[in-house]
Each structure stands twice: as C-alpha cells, then as structure tokens.
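Next comes my_file06.pdb, a file with PDB, C-alpha atoms.
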ATOM      1  CA  MET A1012      42.807  -3.021  63.636
ATOM      2  CA  ARG A1013      44.343  -6.408  64.264
ATOM      3  CA  GLY A1014      41.870  -7.072  67.009
ATOM      4  CA  ARG A1015      38.995  -6.328  64.688
ATOM      5  CA  ARG A1016      40.370  -8.632  62.017
ATOM      6  CA  PHE A1017      40.758 -11.366  64.597
ATOM      7  CA  ALA A1018      37.193 -10.854  65.795
ATOM      8  CA  PHE A1019      35.970 -11.111  62.214
ATOM      9  CA  ALA A1020      37.884 -14.382  61.677
ATOM     10  CA  PHE A1021      36.453 -15.680  64.933
ATOM     11  CA  LEU A1022      32.898 -14.857  63.893
ATOM     12  CA  CYS A1023      33.492 -16.521  60.521
ATOM     13  CA  ALA A1024      34.614 -19.642  62.364
ATOM     14  CA  LEU A1025      31.320 -19.599  64.249
ATOM     15  CA  LEU A1026      29.200 -19.395  61.108
ATOM     16  CA  PRO A1027      28.970 -23.128  60.398
ATOM     17  CA  ALA A1028      27.747 -23.668  63.967
ATOM     18  CA  ALA A1029      24.999 -21.124  63.431
ATOM     19  CA  ALA A1030      23.648 -23.158  60.537
ATOM     20  CA  GLY A1031      22.968 -26.128  62.839
ATOM     21  CA  ALA A1032      22.358 -29.507  61.303
ATOM     22  CA  VAL A1033      19.543 -28.327  59.063
ATOM     23  CA  LEU A1034      20.069 -29.572  55.520
ATOM     24  CA  PRO A1035      19.261 -27.234  52.639
ATOM     25  CA  SER A1036      16.630 -29.729  51.449
ATOM     26  CA  GLU A1037      14.815 -29.472  54.777
ATOM     27  CA  ARG A1038      14.493 -25.704  54.679
ATOM     28  CA  LEU A1039      11.138 -24.066  54.106
ATOM     29  CA  ALA A1040      10.763 -21.612  51.248
ATOM     30  CA  ASP A1041       9.095 -19.052  53.512
ATOM     31  CA  PRO A1042      11.902 -17.372  55.510
ATOM     32  CA  ALA A1043       9.534 -16.358  58.325
ATOM     33  CA  LEU A1044       8.300 -19.925  58.820
ATOM     34  CA  GLU A1045      11.845 -21.255  58.532
ATOM     35  CA  ALA A1046      13.010 -18.819  61.206
ATOM     36  CA  ARG A1047      10.216 -20.002  63.525
ATOM     37  CA  ALA A1048      11.130 -23.620  62.784
ATOM     38  CA  ARG A1049      14.725 -22.869  63.817
ATOM     39  CA  VAL A1050      13.597 -21.277  67.075
ATOM     40  CA  ILE A1051      11.360 -24.233  67.915
ATOM     41  CA  SER A1052      14.015 -26.767  66.932
ATOM     42  CA  GLN A1053      16.520 -25.146  69.247
ATOM     43  CA  ASP A1054      14.180 -25.791  72.166
ATOM     44  CA  LEU A1055      13.606 -29.470  71.400
ATOM     45  CA  ARG A1056      15.931 -32.106  72.747
ATOM     46  CA  CYS A1057      17.201 -34.789  70.431
ATOM     47  CA  GLN A1058      16.294 -38.002  72.260
ATOM     48  CA  VAL A1059      19.141 -39.946  70.693
ATOM     49  CA  CYS A1060      22.025 -37.615  71.552
ATOM     50  CA  GLN A1061      20.415 -36.112  74.575
ATOM     51  CA  ASN A1062      22.216 -32.855  75.167
ATOM     52  CA  GLN A1063      21.854 -31.599  71.636
ATOM     53  CA  SER A1064      18.813 -29.881  70.264
ATOM     54  CA  ILE A1065      17.226 -31.333  67.147
ATOM     55  CA  ASP A1066      18.508 -28.223  65.397
ATOM     56  CA  ASP A1067      22.081 -29.272  66.180
ATOM     57  CA  SER A1068      21.864 -33.008  65.832
ATOM     58  CA  ASN A1069      22.646 -35.119  62.808
ATOM     59  CA  ALA A1070      20.710 -38.120  64.140
ATOM     60  CA  SER A1071      18.069 -39.366  61.743
ATOM     61  CA  LEU A1072      15.352 -39.036  64.386
ATOM     62  CA  ALA A1073      16.330 -35.381  64.789
ATOM     63  CA  ALA A1074      15.987 -34.904  61.033
ATOM     64  CA  ASP A1075      12.537 -36.549  61.174
ATOM     65  CA  LEU A1076      11.497 -34.246  63.994
ATOM     66  CA  ARG A1077      12.804 -31.176  62.144
ATOM     67  CA  ARG A1078      10.679 -32.191  59.199
ATOM     68  CA  LEU A1079       7.711 -32.748  61.491
ATOM     69  CA  VAL A1080       8.121 -29.289  63.063
ATOM     70  CA  ARG A1081       8.164 -27.720  59.592
ATOM     71  CA  GLU A1082       5.118 -29.707  58.526
ATOM     72  CA  ARG A1083       3.148 -28.555  61.557
ATOM     73  CA  LEU A1084       4.176 -24.939  60.936
ATOM     74  CA  THR A1085       3.189 -25.146  57.286
ATOM     75  CA  ALA A1086      -0.138 -26.614  58.389
ATOM     76  CA  GLY A1087      -0.665 -23.379  60.344
ATOM     77  CA  ASP A1088       0.211 -24.416  63.915
ATOM     78  CA  SER A1089       1.461 -21.761  66.337
ATOM     79  CA  ASN A1090       4.875 -22.279  67.961
ATOM     80  CA  GLU A1091       3.165 -23.386  71.178
ATOM     81  CA  ALA A1092       0.982 -25.864  69.305
ATOM     82  CA  VAL A1093       4.027 -27.441  67.665
ATOM     83  CA  LEU A1094       5.801 -27.796  71.010
ATOM     84  CA  ALA A1095       2.626 -29.294  72.517
ATOM     85  CA  TYR A1096       2.390 -31.737  69.623
ATOM     86  CA  VAL A1097       5.902 -33.037  70.235
ATOM     87  CA  THR A1098       5.526 -33.017  74.036
ATOM     88  CA  GLN A1099       2.407 -35.171  73.763
ATOM     89  CA  ARG A1100       4.518 -37.868  72.153
ATOM     90  CA  TYR A1101       7.839 -37.568  73.915
ATOM     91  CA  GLY A1102       6.946 -35.975  77.250
ATOM     92  CA  ASP A1103       8.331 -32.844  78.906
ATOM     93  CA  TYR A1104      11.817 -34.279  78.613
ATOM     94  CA  VAL A1105      12.047 -33.165  74.973
ATOM     95  CA  LEU A1106      11.833 -29.552  76.061
ATOM     96  CA  LEU A1107      15.303 -28.145  76.669
ATOM     97  CA  ARG A1108      13.579 -25.374  78.629
ATOM     98  CA  PRO A1109      11.385 -27.154  81.180
ATOM     99  CA  PRO A1110       7.904 -25.667  81.661
ATOM    100  CA  LEU A1111       7.244 -23.618  84.801
ATOM    101  CA  ARG A1112       4.763 -25.625  86.882
ATOM    102  CA  THR A1113       4.214 -26.388  90.541
ATOM    103  CA  ASP A1114       6.420 -29.485  90.306
ATOM    104  CA  THR A1115       9.224 -27.642  88.526
ATOM    105  CA  ILE A1116       9.265 -24.500  90.704
ATOM    106  CA  LEU A1117      12.162 -25.927  92.711
ATOM    107  CA  LEU A1118      14.083 -26.511  89.491
ATOM    108  CA  TRP A1119      13.576 -22.960  88.284
ATOM    109  CA  TYR A1120      13.837 -21.009  91.525
ATOM    110  CA  GLY A1121      15.701 -23.441  93.810
ATOM    111  CA  PRO A1122      19.140 -21.945  93.127
ATOM    112  CA  PHE A1123      17.868 -18.398  93.760
ATOM    113  CA  GLY A1124      16.181 -19.674  96.926
ATOM    114  CA  LEU A1125      19.460 -21.183  98.119
ATOM    115  CA  LEU A1126      21.310 -17.961  97.302
ATOM    116  CA  ALA A1127      18.722 -15.939  99.236
ATOM    117  CA  ALA A1128      18.918 -18.358 102.182
ATOM    118  CA  GLY A1129      22.711 -18.053 102.144
ATOM    119  CA  LEU A1130      22.590 -14.254 102.047
ATOM    120  CA  ILE A1131      20.052 -14.114 104.855
ATOM    121  CA  GLY A1132      22.121 -16.555 106.888
ATOM    122  CA  ALA A1133      25.268 -14.516 106.321
ATOM    123  CA  ALA A1134      23.462 -11.261 107.155
ATOM    124  CA  VAL A1135      22.044 -12.682 110.388
ATOM    125  CA  TYR A1136      25.448 -14.052 111.358
ATOM    126  CA  ILE A1137      27.256 -10.789 110.693
ATOM    127  CA  ARG A1138      24.627  -8.732 112.514
ATOM    128  CA  ARG A1139      24.724 -10.964 115.553
ATOM    129  CA  ARG A1140      28.476 -11.003 115.669
ATOM    130  CA  ASN A1141      29.140  -7.247 115.494
ATOM    131  CA  PRO A1142      27.524  -5.983 118.741
ATOM    132  CA  LYS A1143      29.240  -8.760 120.659
ATOM    133  CA  MET A1144      32.599  -7.792 119.255
ATOM    134  CA  ALA A1145      31.948  -4.133 119.940
ATOM    135  CA  ALA A1146      30.968  -4.966 123.514
ATOM    136  CA  SER A1147      34.046  -7.083 124.137
ATOM    137  CA  VAL A1148      36.284  -4.379 122.756
ATOM    138  CA  ALA A1149      34.712  -1.666 124.851
ATOM    139  CA  ALA A1150      34.806  -3.695 128.043
ATOM    140  CA  LEU A1151      38.194  -2.768 129.454
ATOM    141  CA  SER A1152      38.256  -3.051 133.189
ATOM    142  CA  ALA A1153      39.540  -0.183 135.346
ATOM    143  CA  GLU A1154      42.670  -2.170 135.999
ATOM    144  CA  GLU A1155      43.303  -2.604 132.291
ATOM    145  CA  GLU A1156      42.716   1.081 131.693
ATOM    146  CA  GLN A1157      45.362   1.900 134.253
ATOM    147  CA  ARG A1158      47.827  -0.483 132.662
ATOM    148  CA  LEU A1159      47.135   0.935 129.269
ATOM    149  CA  ALA A1160      47.706   4.463 130.475
ATOM    150  CA  LYS A1161      50.962   3.388 132.060
ATOM    151  CA  LEU A1162      52.170   1.689 128.895
ATOM    152  CA  LEU A1163      51.286   4.705 126.803
ATOM    153  CA  ALA A1164      53.116   6.986 129.166
ATOM    154  CA  LEU A1165      56.137   4.727 128.950
ATOM    155  CA  GLU A1166      55.974   4.895 125.186
ATOM    156  CA  GLU A1167      55.880   8.682 125.204
ATOM    157  CA  ARG A1168      58.905   8.994 127.389
ATOM    158  CA  LYS A1169      61.082   7.113 124.887
TER     159      LYS A1169
ATOM    160  CA  MET B 336      20.025 -27.114 120.945
ATOM    161  CA  LYS B 337      21.690 -24.042 119.572
ATOM    162  CA  ARG B 338      25.015 -25.787 119.677
ATOM    163  CA  LEU B 339      23.777 -28.378 117.235
ATOM    164  CA  LEU B 340      22.793 -25.691 114.742
ATOM    165  CA  PHE B 341      26.117 -26.044 112.974
ATOM    166  CA  LEU B 342      24.975 -29.525 111.938
ATOM    167  CA  VAL B 343      22.180 -28.111 109.770
ATOM    168  CA  PRO B 344      24.351 -27.388 106.697
ATOM    169  CA  LEU B 345      25.983 -30.807 107.085
ATOM    170  CA  ALA B 346      22.577 -32.492 107.188
ATOM    171  CA  ALA B 347      21.456 -30.495 104.155
ATOM    172  CA  PHE B 348      24.616 -31.532 102.349
ATOM    173  CA  LEU B 349      24.077 -35.209 103.183
ATOM    174  CA  VAL B 350      20.485 -35.111 101.946
ATOM    175  CA  LEU B 351      21.573 -33.439  98.696
ATOM    176  CA  ALA B 352      24.528 -35.829  98.252
ATOM    177  CA  GLY B 353      22.233 -38.818  98.815
ATOM    178  CA  TYR B 354      19.751 -37.487  96.309
ATOM    179  CA  LEU B 355      22.382 -36.800  93.660
ATOM    180  CA  GLY B 356      24.134 -40.094  94.412
ATOM    181  CA  PHE B 357      20.878 -41.905  93.726
ATOM    182  CA  GLY B 358      20.589 -39.926  90.497
ATOM    183  CA  LEU B 359      23.952 -41.314  89.383
ATOM    184  CA  THR B 360      22.643 -44.876  89.565
ATOM    185  CA  ARG B 361      19.836 -44.122  87.136
ATOM    186  CA  ASP B 362      20.259 -44.477  83.401
ATOM    187  CA  PRO B 363      19.901 -41.050  81.754
ATOM    188  CA  GLN B 364      19.188 -42.760  78.432
ATOM    189  CA  LYS B 365      15.880 -44.029  79.819
ATOM    190  CA  VAL B 366      13.251 -41.419  79.221
ATOM    191  CA  PRO B 367       9.894 -41.877  80.926
ATOM    192  CA  SER B 368       7.227 -42.356  78.297
ATOM    193  CA  ALA B 369       4.575 -39.705  77.937
ATOM    194  CA  LEU B 370       2.182 -42.326  76.614
ATOM    195  CA  ILE B 371       1.795 -44.672  79.588
ATOM    196  CA  ASP B 372      -1.899 -45.064  80.444
ATOM    197  CA  ARG B 373      -2.854 -43.122  77.357
ATOM    198  CA  PRO B 374      -4.588 -44.606  74.322
ATOM    199  CA  ALA B 375      -2.248 -45.678  71.554
ATOM    200  CA  PRO B 376      -2.052 -43.009  68.841
ATOM    201  CA  ALA B 377      -4.369 -43.387  65.862
ATOM    202  CA  PHE B 378      -2.481 -45.250  63.170
ATOM    203  CA  ASP B 379      -2.956 -47.642  60.299
ATOM    204  CA  LEU B 380       0.169 -49.222  58.871
ATOM    205  CA  PRO B 381       0.332 -51.431  55.788
ATOM    206  CA  ALA B 382       1.880 -54.879  55.856
ATOM    207  CA  VAL B 383       5.541 -55.369  54.958
ATOM    208  CA  PRO B 384       5.476 -55.566  51.148
ATOM    209  CA  GLY B 385       5.925 -59.119  49.958
ATOM    210  CA  LEU B 386       5.265 -60.640  53.364
ATOM    211  CA  ALA B 387       2.124 -62.737  53.878
ATOM    212  CA  LEU B 388       1.212 -61.100  57.173
ATOM    213  CA  ALA B 389      -1.368 -58.481  58.173
ATOM    214  CA  GLY B 390      -0.424 -54.855  58.748
ATOM    215  CA  LEU B 391      -0.910 -53.088  62.067
ATOM    216  CA  SER B 392      -3.568 -50.577  63.110
ATOM    217  CA  ASN B 393      -5.658 -49.592  66.136
ATOM    218  CA  GLU B 394      -8.114 -52.302  65.058
ATOM    219  CA  THR B 395      -5.453 -54.983  65.591
ATOM    220  CA  LEU B 396      -4.876 -53.757  69.148
ATOM    221  CA  LYS B 397      -8.541 -53.787  70.193
ATOM    222  CA  GLY B 398      -9.893 -56.690  72.186
ATOM    223  CA  GLN B 399      -6.605 -58.294  73.189
ATOM    224  CA  VAL B 400      -3.752 -57.667  75.573
ATOM    225  CA  SER B 401      -0.724 -57.565  73.324
ATOM    226  CA  ILE B 402       2.963 -56.790  73.076
ATOM    227  CA  VAL B 403       3.986 -54.267  70.457
ATOM    228  CA  ASN B 404       7.646 -54.465  69.510
ATOM    229  CA  VAL B 405       9.412 -51.855  67.402
ATOM    230  CA  PHE B 406      12.196 -53.494  65.410
ATOM    231  CA  ALA B 407      14.367 -53.147  62.333
ATOM    232  CA  SER B 408      16.685 -55.483  60.483
ATOM    233  CA  TRP B 409      19.508 -52.929  60.793
ATOM    234  CA  CYS B 410      19.207 -52.787  64.575
ATOM    235  CA  GLN B 411      21.727 -54.903  66.455
ATOM    236  CA  PRO B 412      19.998 -55.053  69.862
ATOM    237  CA  CYS B 413      16.868 -56.295  68.049
ATOM    238  CA  ARG B 414      18.846 -59.389  67.169
ATOM    239  CA  VAL B 415      19.716 -59.810  70.847
ATOM    240  CA  GLU B 416      16.112 -59.764  72.032
ATOM    241  CA  HIS B 417      14.731 -61.738  69.105
ATOM    242  CA  PRO B 418      15.172 -65.246  70.603
ATOM    243  CA  ILE B 419      13.144 -64.124  73.644
ATOM    244  CA  PHE B 420      10.203 -63.230  71.431
ATOM    245  CA  MET B 421      10.606 -66.451  69.447
ATOM    246  CA  ARG B 422      10.383 -68.451  72.641
ATOM    247  CA  LEU B 423       7.461 -66.408  73.914
ATOM    248  CA  ALA B 424       5.595 -66.988  70.645
ATOM    249  CA  ARG B 425       6.155 -70.739  70.980
ATOM    250  CA  GLU B 426       5.337 -71.085  74.647
ATOM    251  CA  SER B 427       2.496 -68.653  75.237
ATOM    252  CA  ASP B 428      -0.512 -67.244  73.474
ATOM    253  CA  VAL B 429       0.357 -63.579  74.080
ATOM    254  CA  PRO B 430       0.093 -61.880  70.691
ATOM    255  CA  ILE B 431       3.325 -60.176  69.660
ATOM    256  CA  LEU B 432       2.796 -57.414  67.132
ATOM    257  CA  GLY B 433       5.635 -55.869  65.197
ATOM    258  CA  LEU B 434       6.315 -52.333  64.073
ATOM    259  CA  ASN B 435       8.995 -52.471  61.431
ATOM    260  CA  TYR B 436      10.850 -49.172  61.736
ATOM    261  CA  LYS B 437      12.540 -47.511  58.736
ATOM    262  CA  ASP B 438      13.450 -50.777  57.142
ATOM    263  CA  LYS B 439      13.715 -51.960  53.580
ATOM    264  CA  ALA B 440      10.980 -54.539  52.941
ATOM    265  CA  GLU B 441      13.534 -56.857  51.398
ATOM    266  CA  ASP B 442      15.846 -56.656  54.437
ATOM    267  CA  ALA B 443      12.959 -57.133  56.841
ATOM    268  CA  ARG B 444      11.755 -60.212  54.972
ATOM    269  CA  LYS B 445      15.244 -61.706  54.952
ATOM    270  CA  TRP B 446      15.734 -60.927  58.646
ATOM    271  CA  LEU B 447      12.484 -62.665  59.580
ATOM    272  CA  GLY B 448      13.298 -65.540  57.217
ATOM    273  CA  ASP B 449      16.705 -66.068  58.820
ATOM    274  CA  LEU B 450      15.787 -65.601  62.464
ATOM    275  CA  GLY B 451      12.144 -66.665  62.493
ATOM    276  CA  ASN B 452       8.947 -64.657  62.821
ATOM    277  CA  PRO B 453       7.347 -64.319  66.249
ATOM    278  CA  TYR B 454       4.909 -61.610  65.082
ATOM    279  CA  ARG B 455       1.195 -62.103  64.356
ATOM    280  CA  ALA B 456       1.030 -58.844  62.452
ATOM    281  CA  ILE B 457       3.658 -56.348  61.350
ATOM    282  CA  GLY B 458       3.111 -52.703  60.437
ATOM    283  CA  TYR B 459       5.550 -51.301  57.902
ATOM    284  CA  ASP B 460       6.678 -47.828  58.981
ATOM    285  CA  ILE B 461       9.173 -46.796  56.326
ATOM    286  CA  GLU B 462       8.944 -43.060  57.154
ATOM    287  CA  GLY B 463       9.107 -43.553  60.899
ATOM    288  CA  ARG B 464       6.118 -41.236  61.348
ATOM    289  CA  VAL B 465       3.950 -43.663  63.288
ATOM    290  CA  ALA B 466       6.956 -44.422  65.480
ATOM    291  CA  ILE B 467       7.181 -40.700  66.313
ATOM    292  CA  ASP B 468       3.510 -40.759  67.326
ATOM    293  CA  TRP B 469       4.368 -43.656  69.623
ATOM    294  CA  GLY B 470       7.215 -41.616  71.121
ATOM    295  CA  VAL B 471       9.842 -44.027  69.806
ATOM    296  CA  TYR B 472      13.387 -42.636  69.907
ATOM    297  CA  GLY B 473      15.519 -45.729  69.534
ATOM    298  CA  VAL B 474      14.873 -49.264  68.407
ATOM    299  CA  PRO B 475      14.128 -51.679  69.910
ATOM    300  CA  GLU B 476      11.251 -50.453  72.020
ATOM    301  CA  THR B 477       8.545 -52.664  73.428
ATOM    302  CA  PHE B 478       5.062 -51.756  74.629
ATOM    303  CA  VAL B 479       2.293 -53.616  76.413
ATOM    304  CA  VAL B 480      -1.141 -52.550  75.205
ATOM    305  CA  ASP B 481      -4.353 -53.559  76.978
ATOM    306  CA  ARG B 482      -7.706 -54.618  75.511
ATOM    307  CA  SER B 483      -8.973 -51.090  75.112
ATOM    308  CA  GLY B 484      -5.881 -50.118  73.134
ATOM    309  CA  THR B 485      -4.287 -48.197  76.021
ATOM    310  CA  ILE B 486      -0.503 -48.305  76.397
ATOM    311  CA  ARG B 487       0.362 -49.737  79.819
ATOM    312  CA  PHE B 488       4.089 -50.311  79.695
ATOM    313  CA  LYS B 489       7.103 -49.326  77.687
ATOM    314  CA  HIS B 490      10.613 -50.668  77.627
ATOM    315  CA  VAL B 491      13.463 -49.044  75.706
ATOM    316  CA  GLY B 492      16.303 -51.283  74.582
ATOM    317  CA  PRO B 493      16.414 -55.038  74.168
ATOM    318  CA  VAL B 494      13.979 -57.041  76.282
ATOM    319  CA  THR B 495      15.843 -59.181  78.798
ATOM    320  CA  PRO B 496      14.392 -62.211  80.625
ATOM    321  CA  ALA B 497      13.858 -60.009  83.705
ATOM    322  CA  VAL B 498      11.959 -57.402  81.689
ATOM    323  CA  LEU B 499       9.926 -60.163  80.067
ATOM    324  CA  ASP B 500       8.943 -61.469  83.517
ATOM    325  CA  ASP B 501       7.688 -58.022  84.495
ATOM    326  CA  MET B 502       5.788 -57.770  81.238
ATOM    327  CA  LEU B 503       4.178 -61.183  81.632
ATOM    328  CA  LYS B 504       3.084 -60.351  85.186
ATOM    329  CA  LEU B 505       1.497 -57.144  83.944
ATOM    330  CA  ILE B 506      -0.153 -58.955  81.038
ATOM    331  CA  ALA B 507      -1.646 -61.596  83.353
ATOM    332  CA  GLN B 508      -2.959 -58.799  85.569
ATOM    333  CA  LEU B 509      -4.451 -56.917  82.619
ATOM    334  CA  LYS B 510      -6.127 -60.086  81.360
ATOM    335  CA  ARG B 511      -7.718 -60.684  84.754
ATOM    336  CA  ALA B 512      -8.814 -57.077  85.067
ATOM    337  CA  ALA B 513     -11.020 -56.993  82.010
TER     338      ALA B 513
END
Can you present the structure in this file as structure tokens?
Amino acid sequence: MRGRRFAFAFLCALLPAAAGAVLPSERLADPALEARARVISQDLRCQVCQNQSIDDSNASLAADLRRLVRERLTAGDSNEAVLAYVTQRYGDYVLLRPPLRTDTILLWYGPFGLLAAGLIGAAVYIRRRNPKMAASVAALSAEEEQRLAKLLALEERK
Amino acid sequence: MKRLLFLVPLAAFLVLAGYLGFGLTRDPQKVPSALIDRPAPAFDLPAVPGLALAGLSNETLKGQVSIVNVFASWCQPCRVEHPIFMRLARESDVPILGLNYKDKAEDARKWLGDLGNPYRAIGYDIEGRVAIDWGVYGVPETFVVDRSGTIRFKHVGPVTPAVLDDMLKLIAQLKRAA
C-alpha cells in the first residue's frame, strides 16, 4: 500500500517533465496534430542548448522551431516532411536520432559489431585453450603414474 | 608474428584514443552548416523601420560577392565584432549586408547610431523566420555569398581578424572565379 502511494507521488513528480517546455499558447487545438507535433519536437535538437530537444528547451529559438513545426503540420505536412524541412536548414545535426545511411552505419551498428568481435574473440580463445589444457592434464608420464599410485597407497594406509 | 598478436587490442585502443582525443579539441558548439554551397533561401525582408537604408532580399545578393552578417542590438558578441566590420567597410569595397535578428527597430537604430553603420542594406527580421531559413541558431553569424546568390561560407560567433582573413581570401577567389 505504502509502495503504491510512493509510486503515485513519484509519477506526480514526473508530470511537469512530461509537459516539456511547450507553452499553452503554442498548443494546437487539434489534439491529434498536437500529439504529432510533440513527437516531432522530441526528435529535434535545440541548437542553442544542444543536448535538449526543442520540446524540452526554453530557448527562444526552440520556441520558434516548435511554432514552425506546428505551422508545417497545420499546413498538411507529414511528420517526415516536417523533419526534412528542418534538416534542410540546420543539417542532420538537428536530428537527435541520426538517419541510417552508409556513412552512419558505424554509428548505429559499431557497438554491436565490437560486441560481436569480442564474443568471437573470446569464443576462439576459449576453444583453443581447452584441448591444450585437456592434453596437458592427461599427459602423465609412466613415472608420474607410478608416483601417484605410491602416494595414494600411502594415503590409504593412514 | 603470432606473438605480436597481443598488440592488436593496444593498437586499436591507441587509434580510438587518438580519434576521441582529437574530438575533444573541437568545439561542439560549432555545427556544420547545411547550407554551404547551396543557394540562399528565398527571402525578402523589409528595411529597419525608420532607417534610411534598403531592406534585404535575394535580389540584393545577386551579382555581387557579399558578406551577410546576422546581428542584433541585444547581442553582446555583435558589439565585439562590430569594429571589424566598420574597418572593413572603410578600407574595402566588399558589400556588408545586415540581417537584423529579432530586434526592436528603435534599439537597432540607436545601436547603429552609436557604433556606426557598416551595412549597405539591412533586412529587418523581427520574427526570426528568415533566420531559421538561413539555419541561424545564435547571433552573430556571418555568411559569404557569391554572385549567383550561393552561400559559400558560414561563421558562427563573432568574426575575429583571423576569420576575416579567411573570408577575404575566399572573397578574392570568388571574385576571380566569376
């Protein structure tokens, strides 16, 4: 019960963050369009405060861009068309999610590539190591066998 | 050969460290412009109200290699670079065109009255919409535009003497080219 109440308080604390920096006056009357505007805004980088999206930022340029996004949507642009419109002016850097292209493949898949390379390397290493170890363990000379038998016999007598 | 194999991860690390180290020396605030070598966006800005100077449009850009400077009276770094443009206006014939960004006409007029006016034409962009089309994200920004109205160079932040040298070299080159 207490846990649930705490969770509720926590979620309430998060509510203001969910509203972003969008001012009531900026909002579109059409909730569907407004929802699309929010989605687009969350993918656009504010160029002034670079690691915030324009949806989060209070910078005046971010407000201008939010308005622009809403204008384009009202004019009937698709989400992709709006993003293209902004990218044409500010370059790919405005996109918080970089596009997947030949020159960004390394960015998108590089970490998975490194992980795969590491796993393969580890697998090869472990595979190579095991037979050797097995061989060295098995290779007791006749002399050693005799000694071992002697020691074991000694142990049993105790 | 096989013995040296253990050096491979070390080499990979050094390459990566070098690459990232170089990244640290670069200014993350500087965003490459999407507009270099592209025609300037279509625009037509009125003059600053109350100022006896032409506005700025694509027509102004045509037929001359020019510098386009985005400025505002409320922008501190603009004050820093202003003397450089004043001197350039005195000592050369390169046209300097202004884009007055989100400024009050009154403040802009006073600013130019106090500090001097190096601009041959100033577009008044109170909404900042034309600036968005130019990919402006912080004043001051300075562009070099060639005769055909194509953007050739962009500098974000105040123009320093070193940046001005680069710009003048490019301008001389563009003038020869056409």
Next item on the list: For the structure provided, state which residues fall under the PyMOL selection byres ((chain A) within 6 of (chain B)), and present them as a PyMOL selection string.
Entry: chain A and resi 1058+1100-1102
Check: So which residues touch Val383 (chain B) within 9 Å, counting all atoms listed in the file, skipping near sequence neighbours fewer than 3 positions away, as a PyMOL selection string?
Finding: chain B and resi 386-390+435+439-441+443-444+457-460
Checklist line | Residue IDs satisfying the PyMOL selection byres ((chain B and resi 480-492) around 6), as a ChimeraX atom specification | finding: /B:371-375,396-401,475-479,493
I want to know what sits within 12 Å of Val415 (chain B), based on only C-alpha atoms, with residues of the same chain fewer than 4 positions away left out; could you give that as a PDB file with C-alpha atoms, keeping the file's coordinate frame?
ATOM      1  CA  PHE B 406      12.196 -53.494  65.410  1.00  0.00           C
ATOM      2  CA  SER B 408      16.685 -55.483  60.483  1.00  0.00           C
ATOM      3  CA  CYS B 410      19.207 -52.787  64.575  1.00  0.00           C
ATOM      4  CA  GLN B 411      21.727 -54.903  66.455  1.00  0.00           C
ATOM      5  CA  ILE B 419      13.144 -64.124  73.644  1.00  0.00           C
ATOM      6  CA  PHE B 420      10.203 -63.230  71.431  1.00  0.00           C
ATOM      7  CA  MET B 421      10.606 -66.451  69.447  1.00  0.00           C
ATOM      8  CA  LEU B 450      15.787 -65.601  62.464  1.00  0.00           C
ATOM      9  CA  VAL B 474      14.873 -49.264  68.407  1.00  0.00           C
ATOM     10  CA  PRO B 475      14.128 -51.679  69.910  1.00  0.00           C
ATOM     11  CA  GLY B 492      16.303 -51.283  74.582  1.00  0.00           C
ATOM     12  CA  PRO B 493      16.414 -55.038  74.168  1.00  0.00           C
ATOM     13  CA  VAL B 494      13.979 -57.041  76.282  1.00  0.00           C
ATOM     14  CA  THR B 495      15.843 -59.181  78.798  1.00  0.00           C
ATOM     15  CA  PRO B 496      14.392 -62.211  80.625  1.00  0.00           C
TER      16      PRO B 496
END
Check: Quick one, how far is CA of Ala1018 (chain A) from CA of Asp1067 (chain A)?
Finding: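 Distance between the two atoms: 23.8 Å.
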Next item on the list: Determine the residue membership of the PyMOL selection byres ((chain A and resi 1084-1087) around 10) for the file above and supply it as a PyMOL selection string.
Entry: chain A and resi 1039+1041+1044-1045+1047-1048+1078-1083+1088-1090+1092-1093
Next item on the list: Enter the distance from CA of Lys445 (chain B) to CA of Arg414 (chain B), in Å, rounded to one decimal.
Entry: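 Calculated distance between CA of Lys445 (chain B) and CA of Arg414 (chain B) is 12.9 Å.
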Notebook entry, point to check: What is the CA of Arg455 (chain B) to CA of Pro430 (chain B) distance in Å?
Noted result: 6.4 Å
Filtering to all heavy atoms, could region 397-401 of chain B of the supplied structure be written out as a short mmCIF file (atom, residue, chain, number, x, y, z; two decimals), in the first residue's frame?
data_model
loop_
_atom_site.label_atom_id
_atom_site.label_comp_id
_atom_site.auth_asym_id
_atom_site.auth_seq_id
_atom_site.Cartn_x
_atom_site.Cartn_y
_atom_site.Cartn_z
N LYS B 397 22.23 39.09 -55.57
CA LYS B 397 22.62 38.75 -56.95
C LYS B 397 23.64 39.73 -57.51
O LYS B 397 23.55 40.93 -57.30
CB LYS B 397 21.37 38.77 -57.85
CG LYS B 397 20.47 37.56 -57.58
CD LYS B 397 20.29 36.71 -58.83
CE LYS B 397 19.68 35.36 -58.46
NZ LYS B 397 18.23 35.47 -58.16
N GLY B 398 24.61 39.17 -58.22
CA GLY B 398 25.55 40.00 -58.98
C GLY B 398 26.72 40.54 -58.18
O GLY B 398 27.55 41.26 -58.73
N GLN B 399 26.82 40.20 -56.91
CA GLN B 399 27.97 40.66 -56.14
C GLN B 399 28.37 39.62 -55.09
O GLN B 399 27.53 38.89 -54.58
CB GLN B 399 27.66 42.00 -55.46
CG GLN B 399 26.46 41.95 -54.52
CD GLN B 399 26.16 43.30 -53.90
OE1 GLN B 399 26.87 44.26 -54.14
NE2 GLN B 399 25.11 43.36 -53.09
N VAL B 400 29.68 39.57 -54.84
CA VAL B 400 30.14 38.72 -53.75
C VAL B 400 30.00 39.54 -52.47
O VAL B 400 30.55 40.63 -52.38
CB VAL B 400 31.62 38.31 -53.95
CG1 VAL B 400 32.06 37.39 -52.82
CG2 VAL B 400 31.80 37.63 -55.30
N SER B 401 29.24 39.03 -51.52
CA SER B 401 28.97 39.87 -50.35
C SER B 401 29.09 39.10 -49.04
O SER B 401 29.13 37.86 -49.01
CB SER B 401 27.56 40.46 -50.46
OG SER B 401 26.62 39.42 -50.61
#
